[in-house]
>>> print(open('model.cif').read())   # mmCIF, N, CA and C atoms
data_target
#
loop_
_atom_site.label_atom_id
_atom_site.label_comp_id
_atom_site.auth_asym_id
_atom_site.auth_seq_id
_atom_site.Cartn_x
_atom_site.Cartn_y
_atom_site.Cartn_z
N MET A 1367 -12.02 6.50 29.40
CA MET A 1367 -10.94 6.86 30.28
C MET A 1367 -9.68 7.11 29.44
N ILE A 1368 -8.96 8.14 29.77
CA ILE A 1368 -7.69 8.44 29.13
C ILE A 1368 -6.58 8.21 30.15
N ARG A 1369 -5.57 7.49 29.73
CA ARG A 1369 -4.45 7.17 30.62
C ARG A 1369 -3.15 7.19 29.84
N PRO A 1370 -2.01 7.35 30.54
CA PRO A 1370 -0.72 7.26 29.86
C PRO A 1370 -0.53 5.87 29.26
N ALA A 1371 0.04 5.81 28.08
CA ALA A 1371 0.34 4.53 27.44
C ALA A 1371 1.52 3.88 28.14
N THR A 1372 1.56 2.57 28.08
CA THR A 1372 2.69 1.79 28.61
C THR A 1372 3.29 0.98 27.45
N LEU A 1373 4.44 0.41 27.69
CA LEU A 1373 5.07 -0.42 26.67
C LEU A 1373 4.20 -1.62 26.30
N ASP A 1374 3.35 -2.06 27.22
CA ASP A 1374 2.42 -3.15 26.92
C ASP A 1374 1.42 -2.75 25.84
N ASP A 1375 1.21 -1.46 25.65
CA ASP A 1375 0.26 -0.96 24.65
C ASP A 1375 0.85 -0.91 23.24
N LEU A 1376 2.15 -1.14 23.08
CA LEU A 1376 2.79 -0.96 21.78
C LEU A 1376 2.08 -1.70 20.63
N PRO A 1377 1.71 -2.97 20.78
CA PRO A 1377 1.02 -3.62 19.66
C PRO A 1377 -0.30 -2.93 19.30
N LEU A 1378 -1.01 -2.47 20.31
CA LEU A 1378 -2.27 -1.77 20.07
C LEU A 1378 -2.04 -0.43 19.37
N LEU A 1379 -1.01 0.28 19.77
CA LEU A 1379 -0.70 1.57 19.14
C LEU A 1379 -0.36 1.39 17.67
N ARG A 1380 0.51 0.44 17.41
CA ARG A 1380 0.93 0.20 16.02
C ARG A 1380 -0.25 -0.24 15.15
N ASP A 1381 -1.04 -1.16 15.66
CA ASP A 1381 -2.20 -1.65 14.92
C ASP A 1381 -3.20 -0.53 14.67
N CYS A 1382 -3.44 0.29 15.68
CA CYS A 1382 -4.37 1.41 15.54
C CYS A 1382 -3.87 2.38 14.48
N ALA A 1383 -2.59 2.68 14.49
CA ALA A 1383 -2.03 3.61 13.50
C ALA A 1383 -2.22 3.06 12.08
N VAL A 1384 -1.98 1.79 11.90
CA VAL A 1384 -2.16 1.19 10.57
C VAL A 1384 -3.63 1.27 10.16
N GLN A 1385 -4.53 0.90 11.07
CA GLN A 1385 -5.95 0.95 10.74
C GLN A 1385 -6.44 2.38 10.47
N ALA A 1386 -5.95 3.33 11.25
CA ALA A 1386 -6.41 4.71 11.13
C ALA A 1386 -5.86 5.41 9.90
N PHE A 1387 -4.65 5.06 9.48
CA PHE A 1387 -3.99 5.84 8.44
C PHE A 1387 -3.77 5.11 7.11
N SER A 1388 -3.94 3.82 7.04
CA SER A 1388 -3.64 3.10 5.80
C SER A 1388 -4.55 3.51 4.65
N GLY A 1389 -5.73 4.00 4.93
CA GLY A 1389 -6.64 4.44 3.88
C GLY A 1389 -6.14 5.65 3.10
N TYR A 1390 -5.12 6.32 3.61
CA TYR A 1390 -4.56 7.49 2.93
C TYR A 1390 -3.40 7.16 2.00
N ARG A 1391 -2.96 5.91 1.98
CA ARG A 1391 -1.79 5.51 1.19
C ARG A 1391 -1.92 5.89 -0.28
N LEU A 1392 -3.04 5.55 -0.89
CA LEU A 1392 -3.20 5.82 -2.33
C LEU A 1392 -3.17 7.31 -2.63
N ASP A 1393 -3.93 8.10 -1.86
CA ASP A 1393 -3.97 9.55 -2.10
C ASP A 1393 -2.62 10.20 -1.89
N MET A 1394 -1.88 9.71 -0.91
CA MET A 1394 -0.60 10.33 -0.57
C MET A 1394 0.55 9.75 -1.37
N GLY A 1395 0.37 8.58 -1.92
CA GLY A 1395 1.45 7.94 -2.67
C GLY A 1395 2.52 7.33 -1.80
N GLN A 1396 2.26 7.24 -0.51
CA GLN A 1396 3.19 6.65 0.45
C GLN A 1396 2.47 6.43 1.77
N ASP A 1397 3.10 5.72 2.68
CA ASP A 1397 2.52 5.52 4.00
C ASP A 1397 2.52 6.84 4.76
N PRO A 1398 1.42 7.18 5.41
CA PRO A 1398 1.44 8.35 6.29
C PRO A 1398 2.47 8.16 7.41
N ALA A 1399 3.09 9.25 7.81
CA ALA A 1399 4.17 9.20 8.80
C ALA A 1399 3.79 8.46 10.09
N PRO A 1400 2.57 8.61 10.64
CA PRO A 1400 2.26 7.91 11.89
C PRO A 1400 2.32 6.38 11.80
N MET A 1401 2.29 5.85 10.58
CA MET A 1401 2.37 4.40 10.44
C MET A 1401 3.76 3.87 10.76
N HIS A 1402 4.75 4.77 10.80
CA HIS A 1402 6.13 4.34 11.04
C HIS A 1402 6.77 5.08 12.21
N ALA A 1403 5.97 5.67 13.06
CA ALA A 1403 6.51 6.38 14.22
C ALA A 1403 7.19 5.40 15.18
N ASP A 1404 8.13 5.91 15.95
CA ASP A 1404 8.82 5.11 16.96
C ASP A 1404 8.00 5.15 18.24
N TYR A 1405 6.99 4.30 18.30
CA TYR A 1405 6.06 4.35 19.43
C TYR A 1405 6.73 3.97 20.75
N ALA A 1406 7.71 3.10 20.72
CA ALA A 1406 8.41 2.76 21.96
C ALA A 1406 9.07 4.00 22.55
N ALA A 1407 9.75 4.77 21.73
CA ALA A 1407 10.39 5.99 22.22
C ALA A 1407 9.36 7.01 22.70
N LEU A 1408 8.26 7.14 21.97
CA LEU A 1408 7.22 8.08 22.38
C LEU A 1408 6.60 7.69 23.72
N VAL A 1409 6.35 6.39 23.89
CA VAL A 1409 5.78 5.91 25.16
C VAL A 1409 6.77 6.12 26.29
N GLU A 1410 8.03 5.77 26.06
CA GLU A 1410 9.04 5.94 27.11
C GLU A 1410 9.21 7.40 27.50
N ALA A 1411 8.99 8.31 26.57
CA ALA A 1411 9.08 9.74 26.87
C ALA A 1411 7.83 10.27 27.56
N GLY A 1412 6.79 9.44 27.68
CA GLY A 1412 5.54 9.88 28.30
C GLY A 1412 4.67 10.71 27.38
N ASP A 1413 4.89 10.59 26.08
CA ASP A 1413 4.20 11.43 25.11
C ASP A 1413 2.91 10.84 24.56
N VAL A 1414 2.56 9.62 24.95
CA VAL A 1414 1.38 8.95 24.38
C VAL A 1414 0.37 8.65 25.47
N HIS A 1415 -0.89 8.93 25.16
CA HIS A 1415 -2.01 8.61 26.04
C HIS A 1415 -3.05 7.84 25.24
N VAL A 1416 -3.65 6.84 25.87
CA VAL A 1416 -4.66 6.03 25.20
C VAL A 1416 -6.04 6.34 25.77
N ILE A 1417 -7.04 6.13 24.94
CA ILE A 1417 -8.42 6.26 25.38
C ILE A 1417 -9.06 4.88 25.32
N GLU A 1418 -9.78 4.55 26.39
CA GLU A 1418 -10.41 3.24 26.51
C GLU A 1418 -11.89 3.40 26.84
N THR A 1419 -12.63 2.34 26.60
CA THR A 1419 -14.02 2.29 27.04
C THR A 1419 -14.03 2.11 28.56
N GLY A 1420 -15.18 2.22 29.13
CA GLY A 1420 -15.30 2.04 30.58
C GLY A 1420 -14.85 0.68 31.06
N ASP A 1421 -14.93 -0.32 30.19
CA ASP A 1421 -14.49 -1.66 30.59
C ASP A 1421 -13.06 -1.97 30.12
N GLY A 1422 -12.31 -0.92 29.75
CA GLY A 1422 -10.89 -1.07 29.47
C GLY A 1422 -10.52 -1.48 28.06
N ARG A 1423 -11.45 -1.40 27.10
CA ARG A 1423 -11.11 -1.75 25.72
C ARG A 1423 -10.47 -0.55 25.01
N PHE A 1424 -9.31 -0.77 24.44
CA PHE A 1424 -8.55 0.25 23.72
C PHE A 1424 -9.38 0.78 22.55
N GLN A 1425 -9.39 2.13 22.40
CA GLN A 1425 -10.13 2.76 21.32
C GLN A 1425 -9.25 3.63 20.42
N GLY A 1426 -8.14 4.12 20.96
CA GLY A 1426 -7.27 4.99 20.18
C GLY A 1426 -6.23 5.65 21.07
N PHE A 1427 -5.52 6.61 20.49
CA PHE A 1427 -4.46 7.26 21.25
C PHE A 1427 -4.14 8.64 20.69
N ILE A 1428 -3.39 9.37 21.49
CA ILE A 1428 -2.86 10.67 21.09
C ILE A 1428 -1.40 10.74 21.52
N ALA A 1429 -0.59 11.39 20.71
CA ALA A 1429 0.80 11.65 21.07
C ALA A 1429 1.03 13.15 21.00
N TYR A 1430 1.64 13.69 22.03
CA TYR A 1430 1.96 15.12 22.07
C TYR A 1430 3.16 15.34 22.96
N HIS A 1431 3.82 16.48 22.74
CA HIS A 1431 4.98 16.82 23.57
C HIS A 1431 5.13 18.34 23.62
N ALA A 1432 5.72 18.81 24.71
CA ALA A 1432 6.01 20.24 24.86
C ALA A 1432 7.38 20.52 24.25
N GLU A 1433 7.42 21.62 23.48
CA GLU A 1433 8.68 22.02 22.85
C GLU A 1433 8.59 23.50 22.48
N ALA A 1434 9.64 24.22 22.77
CA ALA A 1434 9.75 25.63 22.37
C ALA A 1434 8.54 26.46 22.80
N GLY A 1435 8.09 26.24 24.02
CA GLY A 1435 7.02 27.06 24.57
C GLY A 1435 5.62 26.75 24.09
N ALA A 1436 5.45 25.62 23.42
CA ALA A 1436 4.12 25.23 22.93
C ALA A 1436 3.95 23.72 23.08
N MET A 1437 2.71 23.28 23.11
CA MET A 1437 2.42 21.85 23.07
C MET A 1437 2.26 21.47 21.60
N HIS A 1438 2.96 20.42 21.19
CA HIS A 1438 2.89 19.95 19.81
C HIS A 1438 2.08 18.66 19.77
N LEU A 1439 0.93 18.73 19.14
CA LEU A 1439 0.06 17.57 18.98
C LEU A 1439 0.57 16.82 17.76
N ASP A 1440 1.10 15.61 17.98
CA ASP A 1440 1.77 14.87 16.92
C ASP A 1440 0.86 13.89 16.19
N ILE A 1441 0.07 13.12 16.92
CA ILE A 1441 -0.75 12.07 16.31
C ILE A 1441 -2.04 11.93 17.09
N VAL A 1442 -3.14 11.82 16.38
CA VAL A 1442 -4.41 11.38 16.94
C VAL A 1442 -4.87 10.22 16.07
N ALA A 1443 -5.13 9.07 16.68
CA ALA A 1443 -5.55 7.90 15.92
C ALA A 1443 -6.62 7.15 16.69
N LEU A 1444 -7.64 6.75 15.98
CA LEU A 1444 -8.72 5.95 16.55
C LEU A 1444 -8.92 4.69 15.72
N LEU A 1445 -9.33 3.63 16.37
CA LEU A 1445 -9.76 2.46 15.63
C LEU A 1445 -10.96 2.85 14.79
N PRO A 1446 -11.12 2.29 13.60
CA PRO A 1446 -12.28 2.64 12.78
C PRO A 1446 -13.62 2.43 13.49
N THR A 1447 -13.69 1.43 14.36
CA THR A 1447 -14.94 1.17 15.09
C THR A 1447 -15.22 2.24 16.14
N ALA A 1448 -14.22 3.04 16.49
CA ALA A 1448 -14.38 4.08 17.51
C ALA A 1448 -14.61 5.46 16.90
N ALA A 1449 -14.45 5.57 15.58
CA ALA A 1449 -14.60 6.86 14.92
C ALA A 1449 -16.04 7.35 15.00
N GLY A 1450 -16.19 8.67 15.02
CA GLY A 1450 -17.51 9.28 15.01
C GLY A 1450 -18.22 9.32 16.35
N GLN A 1451 -17.52 9.03 17.42
CA GLN A 1451 -18.11 9.01 18.76
C GLN A 1451 -17.62 10.16 19.64
N GLY A 1452 -16.85 11.08 19.06
CA GLY A 1452 -16.32 12.19 19.83
C GLY A 1452 -15.06 11.87 20.60
N LEU A 1453 -14.49 10.70 20.39
CA LEU A 1453 -13.29 10.32 21.14
C LEU A 1453 -12.07 11.10 20.69
N GLY A 1454 -11.96 11.39 19.41
CA GLY A 1454 -10.85 12.20 18.92
C GLY A 1454 -10.87 13.58 19.56
N ARG A 1455 -12.05 14.17 19.65
CA ARG A 1455 -12.21 15.47 20.29
C ARG A 1455 -11.79 15.39 21.76
N LYS A 1456 -12.17 14.30 22.44
CA LYS A 1456 -11.77 14.13 23.85
C LYS A 1456 -10.25 14.05 23.98
N LEU A 1457 -9.61 13.35 23.06
CA LEU A 1457 -8.15 13.25 23.10
C LEU A 1457 -7.51 14.61 22.87
N ILE A 1458 -8.03 15.38 21.93
CA ILE A 1458 -7.49 16.71 21.67
C ILE A 1458 -7.70 17.62 22.87
N GLU A 1459 -8.87 17.54 23.50
CA GLU A 1459 -9.12 18.32 24.72
C GLU A 1459 -8.14 17.91 25.83
N HIS A 1460 -7.82 16.63 25.90
CA HIS A 1460 -6.84 16.15 26.88
C HIS A 1460 -5.48 16.80 26.64
N CYS A 1461 -5.07 16.88 25.39
CA CYS A 1461 -3.81 17.54 25.03
C CYS A 1461 -3.84 19.01 25.43
N GLU A 1462 -4.94 19.68 25.15
CA GLU A 1462 -5.06 21.10 25.50
C GLU A 1462 -5.01 21.30 27.01
N LYS A 1463 -5.65 20.41 27.74
CA LYS A 1463 -5.62 20.48 29.21
C LYS A 1463 -4.20 20.28 29.73
N ALA A 1464 -3.46 19.34 29.13
CA ALA A 1464 -2.07 19.11 29.52
C ALA A 1464 -1.22 20.35 29.23
N ALA A 1465 -1.49 21.00 28.11
CA ALA A 1465 -0.75 22.22 27.78
C ALA A 1465 -0.99 23.29 28.84
N ARG A 1466 -2.24 23.49 29.19
CA ARG A 1466 -2.57 24.49 30.23
C ARG A 1466 -1.89 24.14 31.55
N ALA A 1467 -1.91 22.86 31.91
CA ALA A 1467 -1.29 22.42 33.17
C ALA A 1467 0.21 22.68 33.17
N ASP A 1468 0.81 22.65 31.98
CA ASP A 1468 2.24 22.93 31.84
C ASP A 1468 2.53 24.41 31.67
N GLY A 1469 1.48 25.25 31.73
CA GLY A 1469 1.67 26.69 31.59
C GLY A 1469 1.89 27.14 30.15
N LEU A 1470 1.50 26.29 29.20
CA LEU A 1470 1.68 26.63 27.78
C LEU A 1470 0.40 27.28 27.25
N GLU A 1471 0.58 28.23 26.36
CA GLU A 1471 -0.57 28.99 25.85
C GLU A 1471 -0.97 28.60 24.44
N THR A 1472 -0.22 27.71 23.80
CA THR A 1472 -0.48 27.38 22.40
C THR A 1472 -0.33 25.88 22.16
N VAL A 1473 -1.22 25.34 21.34
CA VAL A 1473 -1.08 23.98 20.83
C VAL A 1473 -0.84 24.10 19.34
N LYS A 1474 0.19 23.44 18.85
CA LYS A 1474 0.53 23.46 17.42
C LYS A 1474 0.43 22.04 16.88
N LEU A 1475 0.08 21.94 15.61
CA LEU A 1475 -0.01 20.64 14.96
C LEU A 1475 0.09 20.82 13.46
N TYR A 1476 0.28 19.70 12.78
CA TYR A 1476 0.15 19.70 11.33
C TYR A 1476 -0.56 18.43 10.92
N THR A 1477 -1.18 18.50 9.76
CA THR A 1477 -1.86 17.36 9.18
C THR A 1477 -1.52 17.33 7.70
N ASN A 1478 -1.80 16.23 7.07
CA ASN A 1478 -1.53 16.13 5.64
C ASN A 1478 -2.68 16.75 4.87
N VAL A 1479 -2.38 17.43 3.79
CA VAL A 1479 -3.40 18.08 2.97
C VAL A 1479 -4.42 17.07 2.44
N LYS A 1480 -4.03 15.81 2.33
CA LYS A 1480 -4.95 14.77 1.84
C LYS A 1480 -5.93 14.29 2.92
N MET A 1481 -5.68 14.65 4.16
CA MET A 1481 -6.58 14.27 5.25
C MET A 1481 -7.64 15.36 5.40
N GLU A 1482 -8.54 15.38 4.42
CA GLU A 1482 -9.48 16.48 4.27
C GLU A 1482 -10.39 16.69 5.48
N ALA A 1483 -10.78 15.63 6.15
CA ALA A 1483 -11.64 15.78 7.32
C ALA A 1483 -10.95 16.62 8.40
N ASN A 1484 -9.64 16.46 8.53
CA ASN A 1484 -8.89 17.24 9.52
C ASN A 1484 -8.89 18.73 9.18
N LEU A 1485 -8.91 19.04 7.89
CA LEU A 1485 -8.86 20.44 7.47
C LEU A 1485 -10.11 21.21 7.85
N THR A 1486 -11.20 20.50 8.10
CA THR A 1486 -12.42 21.15 8.60
C THR A 1486 -12.59 20.95 10.10
N LEU A 1487 -12.09 19.82 10.62
CA LEU A 1487 -12.22 19.56 12.06
C LEU A 1487 -11.45 20.56 12.90
N TYR A 1488 -10.19 20.76 12.60
CA TYR A 1488 -9.37 21.61 13.46
C TYR A 1488 -9.89 23.05 13.54
N PRO A 1489 -10.31 23.67 12.45
CA PRO A 1489 -10.90 25.01 12.59
C PRO A 1489 -12.16 25.02 13.46
N ARG A 1490 -12.97 23.96 13.39
CA ARG A 1490 -14.16 23.89 14.25
C ARG A 1490 -13.78 23.82 15.72
N LEU A 1491 -12.59 23.32 16.01
CA LEU A 1491 -12.11 23.21 17.39
C LEU A 1491 -11.31 24.44 17.82
N GLY A 1492 -11.29 25.46 16.97
CA GLY A 1492 -10.62 26.71 17.34
C GLY A 1492 -9.20 26.85 16.82
N TYR A 1493 -8.74 25.93 15.99
CA TYR A 1493 -7.39 26.00 15.44
C TYR A 1493 -7.39 26.86 14.19
N VAL A 1494 -6.30 27.60 14.00
CA VAL A 1494 -6.15 28.50 12.87
C VAL A 1494 -5.02 27.99 11.99
N GLU A 1495 -5.26 27.94 10.69
CA GLU A 1495 -4.20 27.53 9.76
C GLU A 1495 -3.12 28.59 9.74
N THR A 1496 -1.87 28.15 9.86
CA THR A 1496 -0.75 29.10 9.90
C THR A 1496 0.21 28.94 8.72
N ALA A 1497 0.22 27.78 8.08
CA ALA A 1497 1.16 27.58 6.97
C ALA A 1497 0.81 26.30 6.22
N ARG A 1498 1.34 26.23 5.00
CA ARG A 1498 1.32 25.00 4.20
C ARG A 1498 2.73 24.81 3.68
N LYS A 1499 3.26 23.61 3.91
CA LYS A 1499 4.64 23.32 3.52
C LYS A 1499 4.74 21.90 2.98
N SER A 1500 5.72 21.69 2.14
CA SER A 1500 6.08 20.36 1.69
C SER A 1500 7.34 19.97 2.45
N GLU A 1501 7.25 18.90 3.26
CA GLU A 1501 8.39 18.46 4.08
C GLU A 1501 8.48 16.94 4.07
N ASP A 1502 9.66 16.44 3.93
CA ASP A 1502 9.90 14.99 4.00
C ASP A 1502 8.99 14.22 3.05
N GLY A 1503 8.63 14.83 1.92
CA GLY A 1503 7.77 14.18 0.94
C GLY A 1503 6.29 14.27 1.24
N PHE A 1504 5.91 15.04 2.27
CA PHE A 1504 4.51 15.18 2.66
C PHE A 1504 4.06 16.63 2.47
N ASP A 1505 2.85 16.83 1.99
CA ASP A 1505 2.26 18.17 1.90
C ASP A 1505 1.47 18.40 3.18
N ARG A 1506 1.99 19.29 4.02
CA ARG A 1506 1.44 19.49 5.37
C ARG A 1506 0.75 20.84 5.51
N VAL A 1507 -0.29 20.83 6.33
CA VAL A 1507 -1.02 22.04 6.69
C VAL A 1507 -0.83 22.22 8.19
N TYR A 1508 -0.31 23.39 8.57
CA TYR A 1508 -0.01 23.69 9.97
C TYR A 1508 -1.14 24.48 10.59
N PHE A 1509 -1.44 24.14 11.84
CA PHE A 1509 -2.48 24.82 12.62
C PHE A 1509 -1.92 25.14 14.00
N GLU A 1510 -2.54 26.13 14.63
CA GLU A 1510 -2.26 26.37 16.04
C GLU A 1510 -3.49 26.95 16.71
N LYS A 1511 -3.54 26.77 18.01
CA LYS A 1511 -4.64 27.28 18.81
C LYS A 1511 -4.09 27.94 20.05
N ARG A 1512 -4.49 29.19 20.28
CA ARG A 1512 -4.15 29.89 21.51
C ARG A 1512 -5.16 29.44 22.58
N LEU A 1513 -4.63 29.07 23.72
CA LEU A 1513 -5.49 28.57 24.80
C LEU A 1513 -5.92 29.70 25.72
#
>>> encode(input="model.cif", output="structure tokens")
Amino acid sequence: MIRPATLDDLPLLRDCAVQAFSGYRLDMGQDPAPMHADYAALVEAGDVHVIETGDGRFQGFIAYHAEAGAMHLDIVALLPTAAGQGLGRKLIEHCEKAARADGLETVKLYTNVKMEANLTLYPRLGYVETARKSEDGFDRVYFEKRL
């Protein structure tokens, strides 16, 4: 089940981000940006949705927001025990569905060049690489998908 996150979810969101992204610290030479996101502000803005098992156990989350005529997919994070079950794909599909419901025709995102699995995942899901940039000390790869 996917539902909007609440402030009660904040500890779970932060813990999930640390578990999902801390393995990239060495390759990146710093903490990945999602490890330090302002989750309280994102939740209060309605930008975060969590995915749970049928019995309500937290598995991960997605953060996205509409801006400048497109949906911007900001973060997808799963607990390591939830990886490989298609839950990330379900969260991304949820974001795309929200974009369509808002009348948006494009989903945009970026990932770090060191997150190699993402560089193959997003094209398989129909995303096209649009740019590579170095920003805020991160080497980012930009993707977008026309809906």
>>> closest_residue(input="model.cif", among="A:Leu1475, A:Val1507, A:Leu1439, A:Leu1513", to="Gly1492 of chain A", atoms="only C-alpha atoms")
A:Leu1513
>>> resolve_selection(input="model.cif", expression="the PyMOL selection byres (((chain A and resi 1398-1414 and name CA) around 10) and name CA)", output="PyMOL selection string")
chain A and resi 1369-1377+1379-1391+1394-1397+1415-1416+1427-1432+1439-1443+1478+1502-1504
>>> closest_atom_pairs(input="model.cif", of="segment 1422-1462 of chain A", to="segment 1470-1474 of chain A", cutoff="8 Å", atoms="all atoms listed in the file", output="tab-separated table")
residue	atom	partner	partner_atom	distance
A:Gly1435	C	A:Leu1470	CA	5.4
A:Ala1436	CA	A:Thr1472	C	4.6
A:Met1437	C	A:Lys1474	N	4.0
A:His1438	CA	A:Lys1474	C	4.4
A:Leu1439	N	A:Lys1474	C	4.0
A:Asp1440	N	A:Lys1474	C	6.6
A:Cys1461	C	A:Val1473	CA	7.3
A:Glu1462	CA	A:Val1473	CA	6.8
>>> resolve_selection(input="model.cif", expression="the PyMOL selection byres ((chain A and resi 1446-1450) around 7)", output="list in words")
Gln1385, Ala1386, Gln1425, Leu1444, Leu1445, Gln1451, Gly1452, Leu1453 and Gly1454 of chain A
>>> resolve_selection(input="model.cif", expression="the PyMOL selection byres ((chain A and resi 1480-1482) around 8)", output="ChimeraX atom specification")
/A:1390,1393-1394,1477-1479,1483-1487,1505-1507
>>> atom_distance(input="model.cif", atom1="atom CA of Tyr1488 of chain A", atom2="atom CA of Arg1512 of chain A")
12.7 Å
>>> build_atoms(input="model.cif", residues="segment 1482-1501 of chain A", atoms="N, CA, C and O atoms", output="PDB file, in the frame of the given file")
ATOM      1  N   GLU A1482      -8.540  15.380   4.420  1.00  0.00           N
ATOM      2  CA  GLU A1482      -9.480  16.480   4.270  1.00  0.00           C
ATOM      3  C   GLU A1482     -10.390  16.690   5.480  1.00  0.00           C
ATOM      4  O   GLU A1482     -10.731  17.819   5.809  1.00  0.00           O
ATOM      5  N   ALA A1483     -10.780  15.630   6.150  1.00  0.00           N
ATOM      6  CA  ALA A1483     -11.640  15.780   7.320  1.00  0.00           C
ATOM      7  C   ALA A1483     -10.950  16.620   8.400  1.00  0.00           C
ATOM      8  O   ALA A1483     -11.594  17.421   9.081  1.00  0.00           O
ATOM      9  N   ASN A1484      -9.640  16.460   8.530  1.00  0.00           N
ATOM     10  CA  ASN A1484      -8.890  17.240   9.520  1.00  0.00           C
ATOM     11  C   ASN A1484      -8.890  18.730   9.180  1.00  0.00           C
ATOM     12  O   ASN A1484      -8.859  19.574  10.077  1.00  0.00           O
ATOM     13  N   LEU A1485      -8.910  19.040   7.890  1.00  0.00           N
ATOM     14  CA  LEU A1485      -8.860  20.440   7.470  1.00  0.00           C
ATOM     15  C   LEU A1485     -10.110  21.210   7.850  1.00  0.00           C
ATOM     16  O   LEU A1485     -10.082  22.434   7.950  1.00  0.00           O
ATOM     17  N   THR A1486     -11.200  20.500   8.100  1.00  0.00           N
ATOM     18  CA  THR A1486     -12.420  21.150   8.600  1.00  0.00           C
ATOM     19  C   THR A1486     -12.590  20.950  10.100  1.00  0.00           C
ATOM     20  O   THR A1486     -13.147  21.815  10.777  1.00  0.00           O
ATOM     21  N   LEU A1487     -12.090  19.820  10.620  1.00  0.00           N
ATOM     22  CA  LEU A1487     -12.220  19.560  12.060  1.00  0.00           C
ATOM     23  C   LEU A1487     -11.450  20.560  12.900  1.00  0.00           C
ATOM     24  O   LEU A1487     -12.002  21.163  13.837  1.00  0.00           O
ATOM     25  N   TYR A1488     -10.190  20.760  12.600  1.00  0.00           N
ATOM     26  CA  TYR A1488      -9.370  21.610  13.460  1.00  0.00           C
ATOM     27  C   TYR A1488      -9.890  23.050  13.540  1.00  0.00           C
ATOM     28  O   TYR A1488      -9.963  23.601  14.645  1.00  0.00           O
ATOM     29  N   PRO A1489     -10.310  23.670  12.450  1.00  0.00           N
ATOM     30  CA  PRO A1489     -10.900  25.010  12.590  1.00  0.00           C
ATOM     31  C   PRO A1489     -12.160  25.020  13.460  1.00  0.00           C
ATOM     32  O   PRO A1489     -12.386  25.960  14.226  1.00  0.00           O
ATOM     33  N   ARG A1490     -12.970  23.960  13.390  1.00  0.00           N
ATOM     34  CA  ARG A1490     -14.160  23.890  14.250  1.00  0.00           C
ATOM     35  C   ARG A1490     -13.780  23.820  15.720  1.00  0.00           C
ATOM     36  O   ARG A1490     -14.556  24.218  16.593  1.00  0.00           O
ATOM     37  N   LEU A1491     -12.590  23.320  16.010  1.00  0.00           N
ATOM     38  CA  LEU A1491     -12.110  23.210  17.390  1.00  0.00           C
ATOM     39  C   LEU A1491     -11.310  24.440  17.820  1.00  0.00           C
ATOM     40  O   LEU A1491     -10.730  24.445  18.903  1.00  0.00           O
ATOM     41  N   GLY A1492     -11.290  25.460  16.970  1.00  0.00           N
ATOM     42  CA  GLY A1492     -10.620  26.710  17.340  1.00  0.00           C
ATOM     43  C   GLY A1492      -9.200  26.850  16.820  1.00  0.00           C
ATOM     44  O   GLY A1492      -8.507  27.813  17.178  1.00  0.00           O
ATOM     45  N   TYR A1493      -8.740  25.930  15.990  1.00  0.00           N
ATOM     46  CA  TYR A1493      -7.390  26.000  15.440  1.00  0.00           C
ATOM     47  C   TYR A1493      -7.390  26.860  14.190  1.00  0.00           C
ATOM     48  O   TYR A1493      -8.345  26.858  13.411  1.00  0.00           O
ATOM     49  N   VAL A1494      -6.300  27.600  14.000  1.00  0.00           N
ATOM     50  CA  VAL A1494      -6.150  28.500  12.870  1.00  0.00           C
ATOM     51  C   VAL A1494      -5.020  27.990  11.990  1.00  0.00           C
ATOM     52  O   VAL A1494      -3.934  27.661  12.493  1.00  0.00           O
ATOM     53  N   GLU A1495      -5.260  27.940  10.690  1.00  0.00           N
ATOM     54  CA  GLU A1495      -4.200  27.530   9.760  1.00  0.00           C
ATOM     55  C   GLU A1495      -3.120  28.590   9.740  1.00  0.00           C
ATOM     56  O   GLU A1495      -3.413  29.775   9.601  1.00  0.00           O
ATOM     57  N   THR A1496      -1.870  28.150   9.860  1.00  0.00           N
ATOM     58  CA  THR A1496      -0.750  29.100   9.900  1.00  0.00           C
ATOM     59  C   THR A1496       0.210  28.940   8.720  1.00  0.00           C
ATOM     60  O   THR A1496       0.964  29.872   8.429  1.00  0.00           O
ATOM     61  N   ALA A1497       0.220  27.780   8.080  1.00  0.00           N
ATOM     62  CA  ALA A1497       1.160  27.580   6.970  1.00  0.00           C
ATOM     63  C   ALA A1497       0.810  26.300   6.220  1.00  0.00           C
ATOM     64  O   ALA A1497       0.117  25.433   6.739  1.00  0.00           O
ATOM     65  N   ARG A1498       1.340  26.230   5.000  1.00  0.00           N
ATOM     66  CA  ARG A1498       1.320  25.000   4.200  1.00  0.00           C
ATOM     67  C   ARG A1498       2.730  24.810   3.680  1.00  0.00           C
ATOM     68  O   ARG A1498       3.318  25.734   3.128  1.00  0.00           O
ATOM     69  N   LYS A1499       3.260  23.610   3.910  1.00  0.00           N
ATOM     70  CA  LYS A1499       4.640  23.320   3.520  1.00  0.00           C
ATOM     71  C   LYS A1499       4.740  21.900   2.980  1.00  0.00           C
ATOM     72  O   LYS A1499       3.987  21.017   3.386  1.00  0.00           O
ATOM     73  N   SER A1500       5.720  21.690   2.140  1.00  0.00           N
ATOM     74  CA  SER A1500       6.080  20.360   1.690  1.00  0.00           C
ATOM     75  C   SER A1500       7.340  19.970   2.450  1.00  0.00           C
ATOM     76  O   SER A1500       8.357  20.668   2.349  1.00  0.00           O
ATOM     77  N   GLU A1501       7.250  18.900   3.260  1.00  0.00           N
ATOM     78  CA  GLU A1501       8.390  18.460   4.080  1.00  0.00           C
ATOM     79  C   GLU A1501       8.480  16.940   4.070  1.00  0.00           C
ATOM     80  O   GLU A1501       7.453  16.265   4.205  1.00  0.00           O
TER      81      GLU A1501
END
